[in-house]
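I have placed the structure first, in the form of structure tokens, so that the comments after it can refer back to it.
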Amino acid sequence: MADPVEQQPVDEAAELEIAAAQAIEACGGDMLATVKALIIANSLLEQELADVYAKASHGFLRGRRVPKRKD
């Protein structure tokens with residue numbers, strides 16, 4: 001019987017394949033549209049995270065802010 005720790009990467013890989021297939025399906029099978037949609041979603045999440053960091057107190061974060069990316 002396999003160790004549950006050994007099974008985890010397989011399960012994560014399978015979940016990733018399913019998520020990728022769902023994203024492509026949501027974009028009508030167009031891979032370029034899928035990549036564009038994921039880039040936009042990622043940008044929105046980065047902006048939301050930046051907003052949360054801006055609203056969080058310095059004391060709460062104890063100075064552990066993530067440095068801004070240089071694009």
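Residues are referred to by chain and number: the chain letter is A, B, ... according to the order shown in the structure tokens, the number counts from 1 in that chain, and ligands are numbered separately from 1 in the order shown.
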Would you mind listing what lies within 12 Å of region 35-44 of chain A as a PDB file with N, CA, C and O atoms, in the first residue's frame, with only C-alpha atoms counted and same-chain residues fewer than 3 positions away left out?
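Final output, out-v3.pdb:
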ATOM      1  N   ALA A  19      -8.173  21.232 -13.864  1.00  0.00           N
ATOM      2  CA  ALA A  19      -8.361  22.683 -13.852  1.00  0.00           C
ATOM      3  C   ALA A  19      -7.965  23.292 -15.193  1.00  0.00           C
ATOM      4  O   ALA A  19      -8.651  24.188 -15.703  1.00  0.00           O
ATOM      5  N   ALA A  20      -6.878  22.811 -15.780  1.00  0.00           N
ATOM      6  CA  ALA A  20      -6.443  23.322 -17.082  1.00  0.00           C
ATOM      7  C   ALA A  20      -7.477  22.996 -18.155  1.00  0.00           C
ATOM      8  O   ALA A  20      -7.816  23.859 -18.987  1.00  0.00           O
ATOM      9  N   ALA A  23     -10.421  25.308 -17.754  1.00  0.00           N
ATOM     10  CA  ALA A  23     -10.127  26.667 -18.213  1.00  0.00           C
ATOM     11  C   ALA A  23     -10.184  26.743 -19.735  1.00  0.00           C
ATOM     12  O   ALA A  23     -10.750  27.687 -20.303  1.00  0.00           O
ATOM     13  N   ILE A  24      -9.610  25.743 -20.398  1.00  0.00           N
ATOM     14  CA  ILE A  24      -9.632  25.725 -21.862  1.00  0.00           C
ATOM     15  C   ILE A  24     -11.053  25.571 -22.362  1.00  0.00           C
ATOM     16  O   ILE A  24     -11.469  26.248 -23.308  1.00  0.00           O
ATOM     17  N   ALA A  26     -13.757  26.523 -20.826  1.00  0.00           N
ATOM     18  CA  ALA A  26     -14.485  27.768 -20.554  1.00  0.00           C
ATOM     19  C   ALA A  26     -14.205  28.818 -21.620  1.00  0.00           C
ATOM     20  O   ALA A  26     -15.037  29.706 -21.851  1.00  0.00           O
ATOM     21  N   CYS A  27     -13.060  28.710 -22.276  1.00  0.00           N
ATOM     22  CA  CYS A  27     -12.699  29.662 -23.338  1.00  0.00           C
ATOM     23  C   CYS A  27     -12.982  29.088 -24.716  1.00  0.00           C
ATOM     24  O   CYS A  27     -12.398  29.527 -25.718  1.00  0.00           O
ATOM     25  N   GLY A  28     -13.843  28.110 -24.781  1.00  0.00           N
ATOM     26  CA  GLY A  28     -14.258  27.552 -26.061  1.00  0.00           C
ATOM     27  C   GLY A  28     -13.176  26.775 -26.780  1.00  0.00           C
ATOM     28  O   GLY A  28     -13.211  26.636 -27.996  1.00  0.00           O
ATOM     29  N   GLY A  29     -12.191  26.280 -26.038  1.00  0.00           N
ATOM     30  CA  GLY A  29     -11.127  25.497 -26.641  1.00  0.00           C
ATOM     31  C   GLY A  29      -9.998  26.335 -27.223  1.00  0.00           C
ATOM     32  O   GLY A  29      -9.045  25.793 -27.756  1.00  0.00           O
ATOM     33  N   ASP A  30     -10.102  27.646 -27.127  1.00  0.00           N
ATOM     34  CA  ASP A  30      -9.074  28.542 -27.663  1.00  0.00           C
ATOM     35  C   ASP A  30      -7.974  28.720 -26.618  1.00  0.00           C
ATOM     36  O   ASP A  30      -8.168  29.343 -25.588  1.00  0.00           O
ATOM     37  N   MET A  31      -6.806  28.162 -26.903  1.00  0.00           N
ATOM     38  CA  MET A  31      -5.698  28.202 -25.940  1.00  0.00           C
ATOM     39  C   MET A  31      -5.195  29.626 -25.720  1.00  0.00           C
ATOM     40  O   MET A  31      -4.865  29.993 -24.597  1.00  0.00           O
ATOM     41  N   LEU A  32      -5.124  30.435 -26.776  1.00  0.00           N
ATOM     42  CA  LEU A  32      -4.651  31.809 -26.632  1.00  0.00           C
ATOM     43  C   LEU A  32      -5.599  32.609 -25.740  1.00  0.00           C
ATOM     44  O   LEU A  32      -5.158  33.352 -24.859  1.00  0.00           O
ATOM     45  N   GLN A  47      -3.437  42.616  -7.829  1.00  0.00           N
ATOM     46  CA  GLN A  47      -3.916  43.923  -7.401  1.00  0.00           C
ATOM     47  C   GLN A  47      -4.688  43.814  -6.094  1.00  0.00           C
ATOM     48  O   GLN A  47      -4.538  44.644  -5.194  1.00  0.00           O
ATOM     49  N   GLU A  48      -5.504  42.768  -5.979  1.00  0.00           N
ATOM     50  CA  GLU A  48      -6.255  42.555  -4.744  1.00  0.00           C
ATOM     51  C   GLU A  48      -5.302  42.317  -3.570  1.00  0.00           C
ATOM     52  O   GLU A  48      -5.507  42.843  -2.472  1.00  0.00           O
ATOM     53  N   LEU A  49      -4.254  41.550  -3.789  1.00  0.00           N
ATOM     54  CA  LEU A  49      -3.272  41.303  -2.743  1.00  0.00           C
ATOM     55  C   LEU A  49      -2.551  42.593  -2.356  1.00  0.00           C
ATOM     56  O   LEU A  49      -2.336  42.854  -1.172  1.00  0.00           O
ATOM     57  N   ALA A  50      -2.211  43.405  -3.346  1.00  0.00           N
ATOM     58  CA  ALA A  50      -1.561  44.682  -3.062  1.00  0.00           C
ATOM     59  C   ALA A  50      -2.484  45.578  -2.233  1.00  0.00           C
ATOM     60  O   ALA A  50      -2.028  46.262  -1.310  1.00  0.00           O
ATOM     61  N   ASP A  51      -3.778  45.564  -2.543  1.00  0.00           N
ATOM     62  CA  ASP A  51      -4.746  46.348  -1.776  1.00  0.00           C
ATOM     63  C   ASP A  51      -4.832  45.857  -0.333  1.00  0.00           C
ATOM     64  O   ASP A  51      -4.904  46.658   0.603  1.00  0.00           O
ATOM     65  N   ARG A  69       7.026  43.580  -7.595  1.00  0.00           N
ATOM     66  CA  ARG A  69       7.711  42.999  -8.745  1.00  0.00           C
ATOM     67  C   ARG A  69       8.141  44.099  -9.689  1.00  0.00           C
ATOM     68  O   ARG A  69       7.446  45.099  -9.855  1.00  0.00           O
TER      69      ARG A  69
END
- Can you work out the spacing between CA of Ala14 (chain A) and CA of Glu46 (chain A) in Å, to one decimal?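 Interatomic distance, CA of Ala14 (chain A) to CA of Glu46 (chain A): 25.8 Å.
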- Message: According to DSSP computed on the backbone, where in region 28-64 of chain A is there helix (DSSP H, G or I)? Give the residues as a ChimeraX atom specification.
- Response: /A:31-55,58-61
- Coordinates-based distance that separates CA of Gln22 (chain A) from CA of Thr34 (chain A) (Å, one decimal): 9.9 Å
